[in-house]
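The structure appears right after this line, and notes come after that.
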Amino acid sequence: MLYTSTRDNNLSVSSAQAIEKGISVEGGLFVPTEIPCIDKDFLNELKNKSYIDRAKAVLSLFLTDYTAEELDYCITGAYGTGFAHEDVAPVVKLHDNVHILELWHGPTCAFKDMALQLLPYLLTTASKKGGSDKEIVILVATSGDTGKAALEGFKDVDGTRILVFFPNDGVSPMQKLQMTTQAGNNVGVSAIYGNFDDAQTGVKKIFTNPEIRDILDEKGFAFSSANSINWGRLAPQIVYYFSAYCDLLKKGEIANGEEINIVVPTGNFGNILAAYYAEKMGLPVKKLICASNANNVLTDFLTTGTYDRNRPFHTTVSPSMDILISSNLERLLYDMCGKDDNQLRAWMTSLNETGAYTVSDNILKQIKDLFAAGCCDDKATAQTIGEVYNTYNYLCDTHTAVAVNVYEEYRKQTGDTAPAVIASTASPFKFSAAVLDAVSDKELPADEFSMVEELQERTANNAPAQLLALKGATPRFTGICNKEEMRKVVFDMLGI
Ligand SMILES: *Cc1c(COP(=O)(O)O)cnc(C)c1O
């Protein structure tokens, strides 16, 4: 199977090359030129398999230039240990035919682990296949979850270095502690004065600076990306939608071929795009329900066909969805407009220059046939956490609560009661302040670990061991720099 770019159909690369490059030279995203199809027998066969074997079956359809041995090495390495649940991504029944797909049992307690535990294996294998002897340098700007998950994924991986920049005042106390205490001999973490956009812009500048590129090349280094635009992060996410369907089949909750609704709390449109690819492959899906917080640019787009980022940015209790440019939407549009790379370039130029674009009626119709969309604010998010806990005795995090809220509203308004799978993207203990506030009437304690403990006591849920272990831990990385100094921090880490 070959891959091309959403902005240049003349390009043709293998999956390993797409993963190694991360993003295409002209700024487009790599996409498969065709989408493999599966049938009921495929689902039946997968039903009794482990998560690792399901991942091999699904990923071998996309990563055709990796040998079976290579995929076995990569996938077993990623999911064999390191996940606290034997099913890796278990499905839990919330009520009736509504199920929660828990994607946060990995080392950093957020769904980013599902892809970032595998990406380092795929990337280093790709690099070997391509004959490169360069050391791979991963640069990450993060608003919290991606940075920690990338650090855990790449720590002590031979032939790689990883350096993460985070906004000093823009991450939660738990997220900050997770990153500044990171172990590993090839890792670096630095705070920056500024917000997430400053960190992101700084990283992009370093990435695209030809002078820096040359210096690195000379010293035997090459940059790569662990961002969610990398195909190597998207492909692993397709797997868990198949896995969830097979789990429901196995439990007798659905019949083979029965359509399900999939609900995804969405930011960069990566997670829900993976569900879209699963549907295109033949997974029986009725609706993909896109849930947003107060930053509801996607709700508007999916209902009107106009994408418009010219709006206030809201800081919410679901920070990983605080985003106004959902990069992966580009891949959906490419598919829906008949792979018209000229059209994609025009829309993306418009987005760049005016902050907006409008798709055709034909595309809007395709979108509405498959997608539903909704949003809710922080107050409704908190209310949902409380209701879900009181009614079903299930504790969910703020991002998952947005999805539950939007789904319940959808079910009420449409009367669509098809079986539903709601993606749960983080452990509630990663966002203890907001979650505790939603389930308790008491005054919140001041410090993070008192909140974690109180949340455990109040709800009889156990906090993940890896979060509890951070209590009293001494940060290893205390550096903080101005955005102009980021280049120096990178060079210092690489010993240049
Ligand atoms: C990243 C993230 C999301 C958003 O996922 P996208 O793939 O960017 O749409 C949702 N919830 C949590 C907890 C996340 O870390």
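By order of appearance in the structure tokens: chains A, B, ..., then residues from 1 within every chain, and ligands from 1 in the order shown.
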
Can you work out which residues are within 9 Å of ligand 1, considering only C-alpha atoms and all ligand atoms, and then hand them over as a PyMOL selection string?
chain A and resi 104+109-112+144-146+228+234+264-274+318-323+326-328+397-400+423-427+430

Name the residues of range 144-376 of chain A that fall into strand (DSSP E or B) according to DSSP on the backbone, using the chain letters and numbers of this document, as a PDB file with C-alpha atoms, in the first residue's frame.
```pdb
ATOM      1  CA  THR A 160      16.612   8.530  19.545  1.00  0.00           C
ATOM      2  CA  ARG A 161      16.635  11.683  21.667  1.00  0.00           C
ATOM      3  CA  ILE A 162      13.533  13.467  22.840  1.00  0.00           C
ATOM      4  CA  LEU A 163      13.098  17.029  24.011  1.00  0.00           C
ATOM      5  CA  VAL A 164       9.807  18.454  25.272  1.00  0.00           C
ATOM      6  CA  PHE A 165       8.854  22.109  25.741  1.00  0.00           C
ATOM      7  CA  PHE A 166       5.815  23.012  27.839  1.00  0.00           C
ATOM      8  CA  PRO A 167       4.291  26.378  28.785  1.00  0.00           C
ATOM      9  CA  VAL A 187      15.278  12.768  27.442  1.00  0.00           C
ATOM     10  CA  GLY A 188      15.118  16.495  28.078  1.00  0.00           C
ATOM     11  CA  VAL A 189      12.314  18.701  29.364  1.00  0.00           C
ATOM     12  CA  SER A 190      12.155  22.474  29.510  1.00  0.00           C
ATOM     13  CA  ALA A 191       9.473  24.911  30.562  1.00  0.00           C
ATOM     14  CA  ILE A 192       9.126  28.086  28.562  1.00  0.00           C
ATOM     15  CA  PHE A 221      21.117  13.933  13.828  1.00  0.00           C
ATOM     16  CA  ALA A 222      17.745  14.211  12.032  1.00  0.00           C
ATOM     17  CA  PHE A 223      14.517  15.734  13.332  1.00  0.00           C
ATOM     18  CA  SER A 224      11.247  13.826  13.381  1.00  0.00           C
ATOM     19  CA  ILE A 260     -22.857   0.967  16.561  1.00  0.00           C
ATOM     20  CA  ASN A 261     -22.499   4.659  17.342  1.00  0.00           C
ATOM     21  CA  ILE A 262     -19.033   5.870  18.295  1.00  0.00           C
ATOM     22  CA  VAL A 263     -18.622   8.990  20.431  1.00  0.00           C
ATOM     23  CA  VAL A 264     -15.253  10.762  20.642  1.00  0.00           C
ATOM     24  CA  PRO A 265     -14.157  13.791  22.716  1.00  0.00           C
ATOM     25  CA  VAL A 285     -20.835   2.163  12.294  1.00  0.00           C
ATOM     26  CA  LYS A 286     -24.050   4.155  12.245  1.00  0.00           C
ATOM     27  CA  LYS A 287     -22.883   7.563  13.445  1.00  0.00           C
ATOM     28  CA  LEU A 288     -19.597   9.083  14.517  1.00  0.00           C
ATOM     29  CA  ILE A 289     -20.435  11.625  17.188  1.00  0.00           C
ATOM     30  CA  CYS A 290     -17.911  14.429  17.580  1.00  0.00           C
ATOM     31  CA  ALA A 291     -17.919  16.003  21.063  1.00  0.00           C
ATOM     32  CA  SER A 292     -16.328  19.393  21.774  1.00  0.00           C
ATOM     33  CA  THR A 306     -17.960  26.501   7.398  1.00  0.00           C
ATOM     34  CA  TYR A 307     -14.758  26.196   9.394  1.00  0.00           C
ATOM     35  CA  ASP A 308     -14.020  29.469  11.154  1.00  0.00           C
ATOM     36  CA  ALA A 356     -11.831  30.194   7.540  1.00  0.00           C
ATOM     37  CA  TYR A 357     -13.091  28.113   4.599  1.00  0.00           C
ATOM     38  CA  THR A 358     -16.400  26.626   3.459  1.00  0.00           C
ATOM     39  CA  PHE A 371     -21.246  12.517  11.587  1.00  0.00           C
ATOM     40  CA  ALA A 372     -23.217  14.112  14.385  1.00  0.00           C
ATOM     41  CA  ALA A 373     -21.679  16.851  16.527  1.00  0.00           C
ATOM     42  CA  GLY A 374     -22.302  18.626  19.795  1.00  0.00           C
ATOM     43  CA  CYS A 375     -20.562  20.620  22.505  1.00  0.00           C
TER      44      CYS A 375
END
```

Pick out the residues sitting within 8 Å of Ala294 in chain A, and hand them over as a PyMOL selection string; count only C-alpha atoms, and ignore anything fewer than 4 positions along from it in its own chain.
chain A and resi 314+316+375-378

When distances are computed from only C-alpha atoms, which of A:Arg411, A:Lys219, A:Arg213, A:Lys250 shows the smallest separation from Leu43 in chain A?
A:Lys250

CA of Ala382 in chain A sits from CA of Leu455 in chain A at a separation of 14.4 Å

Quick one: contact table of range 4-89 of chain A to range 331-345 of chain A, 12 Å max, nearest atom pair and distance in Å to one decimal per residue, counting only C-alpha atoms, chain and number order, as a Markdown table?
```
| residue | atom | partner | partner_atom | distance |
| --- | --- | --- | --- | --- |
| A:Thr4 | CA | A:Lys339 | CA | 10.0 |
| A:Ser5 | CA | A:Asp341 | CA | 8.1 |
| A:Thr6 | CA | A:Asp341 | CA | 5.7 |
| A:Arg7 | CA | A:Asp341 | CA | 4.7 |
| A:Asp8 | CA | A:Asp341 | CA | 5.7 |
| A:Asn9 | CA | A:Asp341 | CA | 6.2 |
| A:Asn10 | CA | A:Asp341 | CA | 9.5 |
| A:Leu11 | CA | A:Asp341 | CA | 10.9 |
| A:Glu26 | CA | A:Arg345 | CA | 9.9 |
| A:Gly27 | CA | A:Arg345 | CA | 9.5 |
| A:Gly28 | CA | A:Arg345 | CA | 8.5 |
| A:Leu29 | CA | A:Arg331 | CA | 7.0 |
| A:Phe30 | CA | A:Arg331 | CA | 8.2 |
| A:Val31 | CA | A:Arg331 | CA | 6.9 |
| A:Pro32 | CA | A:Arg331 | CA | 9.9 |
| A:Thr33 | CA | A:Lys339 | CA | 9.0 |
| A:Glu34 | CA | A:Asp335 | CA | 9.8 |
| A:Ile35 | CA | A:Asp335 | CA | 10.1 |
```

I need the residue nearest Asp169 in chain A from this list: A:Ala199, A:Met486, A:Leu61, A:Met493. Use only C-alpha atoms for the distance.
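Smallest separation from Asp169 in chain A among the options: A:Ala199.
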
Could you pull the residues within 7 Å of range 119-125 of chain A, counting only C-alpha atoms, minus those fewer than 5 positions along the same chain, as a PDB file with N, CA and C atoms, in the first residue's frame?
```
ATOM      1  N   ILE A  19       5.952   7.504   7.933  1.00  0.00           N
ATOM      2  CA  ILE A  19       6.134   7.588   9.384  1.00  0.00           C
ATOM      3  C   ILE A  19       7.454   8.278   9.722  1.00  0.00           C
ATOM      4  N   GLU A  20       8.492   7.970   8.956  1.00  0.00           N
ATOM      5  CA  GLU A  20       9.804   8.564   9.230  1.00  0.00           C
ATOM      6  C   GLU A  20       9.785  10.068   8.975  1.00  0.00           C
ATOM      7  N   CYS A  74       7.348  -4.736  16.976  1.00  0.00           N
ATOM      8  CA  CYS A  74       6.850  -3.400  17.337  1.00  0.00           C
ATOM      9  C   CYS A  74       5.624  -3.495  18.256  1.00  0.00           C
ATOM     10  N   GLY A 153       7.229   7.017  25.788  1.00  0.00           N
ATOM     11  CA  GLY A 153       7.398   6.154  24.615  1.00  0.00           C
ATOM     12  C   GLY A 153       8.841   6.093  24.137  1.00  0.00           C
ATOM     13  N   PHE A 154       9.522   7.234  24.140  1.00  0.00           N
ATOM     14  CA  PHE A 154      10.861   7.301  23.550  1.00  0.00           C
ATOM     15  C   PHE A 154      11.987   7.140  24.572  1.00  0.00           C
ATOM     16  N   GLY A 232       2.022   7.408  11.817  1.00  0.00           N
ATOM     17  CA  GLY A 232       2.391   6.411  12.823  1.00  0.00           C
ATOM     18  C   GLY A 232       1.680   6.611  14.150  1.00  0.00           C
ATOM     19  N   ARG A 233       1.040   7.766  14.324  1.00  0.00           N
ATOM     20  CA  ARG A 233       0.216   7.960  15.518  1.00  0.00           C
ATOM     21  C   ARG A 233      -1.238   7.666  15.229  1.00  0.00           C
TER      22      ARG A 233
END
```

I want to know what sits within 9 Å of Leu467 in chain A, based on only C-alpha atoms, with residues of the same chain fewer than 2 positions away left out; could you give that as a list in words?
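The residues satisfying every condition are Thr108, Cys109, Met174, Gln178, Phe429, Lys430, Ala463, Pro464, Ala465, Ala469, Leu470 and Lys471 of chain A.
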
For the residues in the current selection, export C-alpha atoms as a PDB file, in the first residue's frame.
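The result, written out as part-v4.pdb:
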```pdb
ATOM      1  CA  THR A 108       0.819   8.153  31.441  1.00  0.00           C
ATOM      2  CA  CYS A 109      -2.921   7.611  32.066  1.00  0.00           C
ATOM      3  CA  MET A 174       0.045  16.692  37.784  1.00  0.00           C
ATOM      4  CA  GLN A 178       4.839  13.911  35.290  1.00  0.00           C
ATOM      5  CA  PHE A 429      -7.083  11.317  38.583  1.00  0.00           C
ATOM      6  CA  LYS A 430      -5.184  13.330  35.983  1.00  0.00           C
ATOM      7  CA  ALA A 463      -5.727   6.313  41.574  1.00  0.00           C
ATOM      8  CA  PRO A 464      -3.238   4.826  39.081  1.00  0.00           C
ATOM      9  CA  ALA A 465      -0.014   3.773  40.833  1.00  0.00           C
ATOM     10  CA  ALA A 469       4.260   7.487  42.890  1.00  0.00           C
ATOM     11  CA  LEU A 470       4.828  11.138  41.960  1.00  0.00           C
ATOM     12  CA  LYS A 471       3.918  12.323  45.437  1.00  0.00           C
TER      13      LYS A 471
END
```

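A straight line drawn from CA of Ser50 in chain A to CA of Tyr240 in chain A is 11.5 Å long.
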
Could you tell me how far CA of Ile138 in chain A lies from CA of Tyr276 in chain A, in Å and to one decimal?
27.8 Å
